[in-house]
$ cat entry.txt   # compact mmCIF, C-alpha atoms
# COMPACT_ATOMS: atom_id res chain seq x y z
CA MET A 67 1.45 43.48 -28.05
CA GLN A 68 -0.74 45.21 -25.50
CA ALA A 69 -4.55 45.01 -25.46
CA ASN A 70 -4.81 48.65 -26.63
CA ASP A 71 -2.67 47.87 -29.70
CA VAL A 72 -5.63 46.03 -31.25
CA ILE A 73 -7.96 49.05 -31.14
CA PRO A 74 -6.55 50.87 -34.23
CA PHE A 75 -6.94 47.66 -36.26
CA LEU A 76 -10.55 47.19 -35.18
CA ASP A 77 -11.35 50.83 -35.90
CA ALA A 78 -9.65 50.59 -39.31
CA THR A 79 -11.55 47.40 -40.16
CA ARG A 80 -14.86 49.02 -39.24
CA ARG A 81 -14.14 52.16 -41.27
CA VAL A 82 -12.80 50.40 -44.38
CA PHE A 83 -15.65 47.89 -44.50
CA ASP A 84 -18.23 50.60 -43.95
CA THR A 85 -16.75 53.02 -46.50
CA MET A 86 -15.43 50.71 -49.21
CA LEU A 87 -17.73 47.68 -48.99
CA ARG A 88 -20.81 49.28 -47.45
CA MET A 89 -20.87 46.50 -44.85
CA SER A 90 -21.14 47.03 -41.12
CA VAL A 91 -18.84 44.98 -38.88
CA SER A 92 -19.39 43.70 -35.35
CA PHE A 93 -16.60 42.34 -33.18
CA GLY A 94 -16.50 39.37 -30.84
CA GLU A 95 -14.22 38.72 -27.90
CA PRO A 96 -10.49 38.74 -28.71
CA MET A 97 -8.85 35.33 -28.38
CA ALA A 98 -5.21 34.40 -27.95
CA GLY A 99 -3.61 32.59 -30.87
CA ALA A 100 -4.63 31.96 -34.44
CA ALA A 101 -8.27 31.10 -33.80
CA ALA A 102 -9.21 31.18 -37.49
CA GLU A 103 -8.66 27.43 -37.64
CA GLY A 104 -11.84 25.49 -38.13
CA LEU A 105 -13.77 28.48 -39.45
CA ASP A 106 -15.36 28.47 -42.89
CA HIS A 107 -12.90 30.40 -45.04
CA ASP A 108 -11.59 30.11 -48.58
CA VAL A 109 -9.50 33.24 -49.07
CA GLY A 110 -7.21 35.29 -46.86
CA GLY A 111 -5.44 38.62 -47.20
CA ILE A 112 -2.22 38.87 -45.16
CA ILE A 113 -0.03 41.91 -44.45
CA GLY A 114 3.16 41.69 -42.40
CA ILE A 115 3.74 44.37 -39.76
CA SER A 116 7.12 45.29 -38.31
CA GLY A 117 8.56 47.99 -36.07
CA ASP A 118 7.16 48.72 -32.61
CA LEU A 119 4.50 46.06 -33.26
CA VAL A 120 5.50 42.83 -34.97
CA GLY A 121 3.08 40.41 -36.55
CA ALA A 122 0.59 40.22 -39.37
CA LEU A 123 -2.89 41.38 -40.13
CA VAL A 124 -4.86 38.43 -41.53
CA LEU A 125 -8.36 38.80 -42.93
CA VAL A 126 -9.99 35.49 -43.89
CA PHE A 127 -13.31 35.05 -45.65
CA PRO A 128 -15.65 32.44 -47.07
CA GLY A 129 -15.07 33.17 -50.77
CA ALA A 130 -18.61 32.71 -52.04
CA ARG A 131 -19.99 35.37 -49.70
CA LEU A 132 -17.31 37.94 -50.49
CA GLY A 133 -18.11 38.39 -54.18
CA ARG A 134 -20.23 41.52 -53.65
CA GLY A 135 -17.60 43.27 -51.55
CA ALA A 136 -14.77 42.34 -53.91
CA GLY A 137 -16.91 43.54 -56.80
CA ALA A 138 -17.35 46.90 -55.08
CA LEU A 139 -13.57 47.26 -54.89
CA ALA A 140 -12.97 45.95 -58.42
CA GLY A 141 -15.62 48.19 -59.97
CA ARG A 142 -17.50 45.29 -61.51
CA PRO A 143 -18.93 41.92 -60.48
CA VAL A 144 -16.19 39.35 -59.87
CA GLY A 145 -16.12 35.65 -59.09
CA VAL A 146 -13.72 33.90 -56.76
CA ASP A 147 -11.66 32.63 -59.73
CA ASP A 148 -11.27 36.13 -61.19
CA GLU A 149 -7.83 37.79 -60.84
CA LEU A 150 -9.61 41.00 -59.81
CA PHE A 151 -11.13 39.10 -56.87
CA ILE A 152 -7.63 38.24 -55.60
CA ASP A 153 -6.45 41.82 -56.19
CA ALA A 154 -9.47 43.17 -54.30
CA ILE A 155 -8.72 40.97 -51.27
CA GLY A 156 -5.10 42.14 -51.24
CA GLU A 157 -6.20 45.75 -51.53
CA LEU A 158 -8.71 45.31 -48.71
CA ALA A 159 -5.97 44.00 -46.40
CA ASN A 160 -3.73 46.86 -47.55
CA MET A 161 -6.39 49.49 -46.79
CA VAL A 162 -7.12 48.09 -43.32
CA SER A 163 -3.45 47.85 -42.35
CA GLY A 164 -2.66 51.31 -43.76
CA ALA A 165 -5.58 52.88 -41.92
CA ALA A 166 -4.55 51.11 -38.69
CA LYS A 167 -0.95 52.28 -39.09
CA SER A 168 -2.11 55.87 -39.34
CA ARG A 169 -4.01 55.44 -36.05
CA CYS A 170 -1.10 53.94 -34.09
CA GLU A 171 0.09 57.23 -32.62
CA GLY A 172 3.58 57.21 -31.17
CA LYS A 173 4.51 53.87 -32.75
CA ARG A 174 6.84 53.32 -35.66
CA LEU A 175 5.33 50.71 -37.97
CA SER A 176 6.10 49.35 -41.39
CA ILE A 177 3.62 47.33 -43.38
CA GLY A 178 4.52 44.88 -46.12
CA CYS A 179 2.92 44.08 -49.43
CA PRO A 180 -0.27 42.03 -49.29
CA THR A 181 -0.26 38.31 -49.85
CA VAL A 182 -3.46 36.48 -50.74
CA VAL A 183 -3.93 32.78 -50.07
CA THR A 184 -6.82 30.68 -51.33
CA GLY A 185 -8.15 27.22 -50.72
CA PRO A 186 -10.89 25.80 -48.54
CA GLY A 187 -9.97 25.85 -44.85
CA HIS A 188 -6.35 26.93 -45.45
CA ARG A 189 -4.27 27.50 -42.34
CA VAL A 190 -2.08 30.49 -41.49
CA HIS A 191 0.65 29.56 -39.02
CA GLN A 192 2.65 31.84 -36.79
CA LEU A 193 6.00 31.20 -35.16
CA SER A 194 5.73 29.06 -32.05
CA ASP A 195 6.99 31.85 -29.79
CA ALA A 196 4.68 34.52 -31.29
CA ARG A 197 1.76 35.80 -29.26
CA GLY A 198 -1.11 36.43 -31.63
CA VAL A 199 -4.60 37.77 -31.12
CA CYS A 200 -7.64 36.77 -33.13
CA VAL A 201 -10.70 38.99 -33.11
CA PRO A 202 -13.77 37.43 -34.69
CA CYS A 203 -15.62 39.90 -36.88
CA GLY A 204 -19.11 39.44 -38.16
CA CYS A 205 -20.34 41.00 -41.36
CA GLU A 206 -22.14 40.03 -44.50
CA ALA A 207 -18.84 38.63 -45.84
CA GLY A 208 -18.09 36.55 -42.73
CA THR A 209 -14.67 37.98 -41.90
CA VAL A 210 -12.17 37.05 -39.24
CA LEU A 211 -9.41 39.43 -38.21
CA SER A 212 -6.20 38.11 -36.72
CA LEU A 213 -3.24 40.12 -35.49
$ encode --input "entry.txt" --output "structure tokens"
Amino acid sequence: MQANDVIPFLDATRRVFDTMLRMSVSFGEPMAGAAAEGLDHDVGGIIGISGDLVGALVLVFPGARLGRGAGALAGRPVGVDDELFIDAIGELANMVSGAAKSRCEGKRLSIGCPTVVTGPGHRVHQLSDARGVCVPCGCEAGTVLSL
């Protein structure tokens, strides 16, 4: 993965959060590896990416602060134990990865179905020989974006 390969994912995150959740997003410095460890998160949406870029888009959130955004996607207020909350997180990851795919000009990409994991401080591991990038994102929901 080249440094420029991250740009469509950042742009897609900004656009989806702004349009669908009405939340602005700011980005920190990209870091090598899965830097989401040790951050306050309870739920994560994961989408596998294959083709010219291989990896996964991982969005992790502190669950309690994401209720408003998930409710906006679900069309009604939802709690973290609500099935619609889990569906909303999966759909959010799906929208971001789909929007990023459409912006990766000249690259052939396939995106998988979303997977949602829950649990305080859960860890998402990558293969030992994989080179990942984590881009901290700040918004009302406290997101972290990993690629």
$ atom_distance --input "entry.txt" --atom1 "CA of Cys170 in chain A" --atom2 "CA of Gly156 in chain A"
21.2 Å
$ residues_near_point --input "entry.txt" --point "(-11.0, 45.8, -52.6)" --cutoff "12 Å" --atoms "all atoms listed in the file" --output "PyMOL selection string"
chain A and resi 82-83+85-88+111+132-144+149-162+180
$ closest_residue --input "entry.txt" --among "A:Ala78, A:Ser90, A:His107, A:Leu125" --to "Val201 in chain A" --atoms "only C-alpha atoms"
A:Leu125
$ atom_distance --input "entry.txt" --atom1 "CA of Ala165 in chain A" --atom2 "CA of Pro128 in chain A"
23.4 Å
$ residues_around --input "entry.txt" --residues "Ala98 in chain A" --least-positions-apart "4" --cutoff "9 Å" --atoms "all atoms listed in the file" --output "ChimeraX atom specification"
/A:197-201
$ closest_residue --input "entry.txt" --among "A:Phe93, A:Ala122, A:Arg169, A:Val72" --to "Gly208 in chain A" --atoms "only C-alpha atoms"
A:Phe93
$ closest_residue --input "entry.txt" --among "A:Val146, A:Val210, A:Val109, A:Cys205" --to "Thr181 in chain A" --atoms "only C-alpha atoms"
A:Val109
$ residues_near_point --input "entry.txt" --point "(-10.9, 48.8, -30.1)" --cutoff "12 Å" --atoms "only C-alpha atoms" --output "number ranges by chain"
A: 68-80, 92-96, 166, 169-170, 201
$ write_last_selection --input "entry.txt" --atoms "C-alpha atoms" --output "PDB file, keeping the file's coordinate frame"
ATOM      1  CA  GLN A  68      -0.740  45.210 -25.500  1.00  0.00           C
ATOM      2  CA  ALA A  69      -4.550  45.010 -25.460  1.00  0.00           C
ATOM      3  CA  ASN A  70      -4.810  48.650 -26.630  1.00  0.00           C
ATOM      4  CA  ASP A  71      -2.670  47.870 -29.700  1.00  0.00           C
ATOM      5  CA  VAL A  72      -5.630  46.030 -31.250  1.00  0.00           C
ATOM      6  CA  ILE A  73      -7.960  49.050 -31.140  1.00  0.00           C
ATOM      7  CA  PRO A  74      -6.550  50.870 -34.230  1.00  0.00           C
ATOM      8  CA  PHE A  75      -6.940  47.660 -36.260  1.00  0.00           C
ATOM      9  CA  LEU A  76     -10.550  47.190 -35.180  1.00  0.00           C
ATOM     10  CA  ASP A  77     -11.350  50.830 -35.900  1.00  0.00           C
ATOM     11  CA  ALA A  78      -9.650  50.590 -39.310  1.00  0.00           C
ATOM     12  CA  THR A  79     -11.550  47.400 -40.160  1.00  0.00           C
ATOM     13  CA  ARG A  80     -14.860  49.020 -39.240  1.00  0.00           C
ATOM     14  CA  SER A  92     -19.390  43.700 -35.350  1.00  0.00           C
ATOM     15  CA  PHE A  93     -16.600  42.340 -33.180  1.00  0.00           C
ATOM     16  CA  GLY A  94     -16.500  39.370 -30.840  1.00  0.00           C
ATOM     17  CA  GLU A  95     -14.220  38.720 -27.900  1.00  0.00           C
ATOM     18  CA  PRO A  96     -10.490  38.740 -28.710  1.00  0.00           C
ATOM     19  CA  ALA A 166      -4.550  51.110 -38.690  1.00  0.00           C
ATOM     20  CA  ARG A 169      -4.010  55.440 -36.050  1.00  0.00           C
ATOM     21  CA  CYS A 170      -1.100  53.940 -34.090  1.00  0.00           C
ATOM     22  CA  VAL A 201     -10.700  38.990 -33.110  1.00  0.00           C
TER      23      VAL A 201
END
$ residues_around --input "entry.txt" --residues "range 171-174 of chain A" --least-positions-apart "5" --cutoff "8 Å" --atoms "only C-alpha atoms" --output "PyMOL selection string"
chain A and resi 117-119
$ atom_distance --input "entry.txt" --atom1 "CA of Thr209 in chain A" --atom2 "CA of Ser116 in chain A"
23.3 Å
$ closest_residue --input "entry.txt" --among "A:Glu206, A:Gly178, A:Lys167, A:His188" --to "Ile113 in chain A" --atoms "all atoms listed in the file"
A:Gly178
$ closest_residue --input "entry.txt" --among "A:Gly114, A:Val126, A:Gly145, A:Val91" --to "Gly187 in chain A" --atoms "all atoms listed in the file"
A:Val126
$ closest_residue --input "entry.txt" --among "A:Ile115, A:His191, A:Gly164, A:Pro202" --to "Met97 in chain A" --atoms "only C-alpha atoms"
A:Pro202
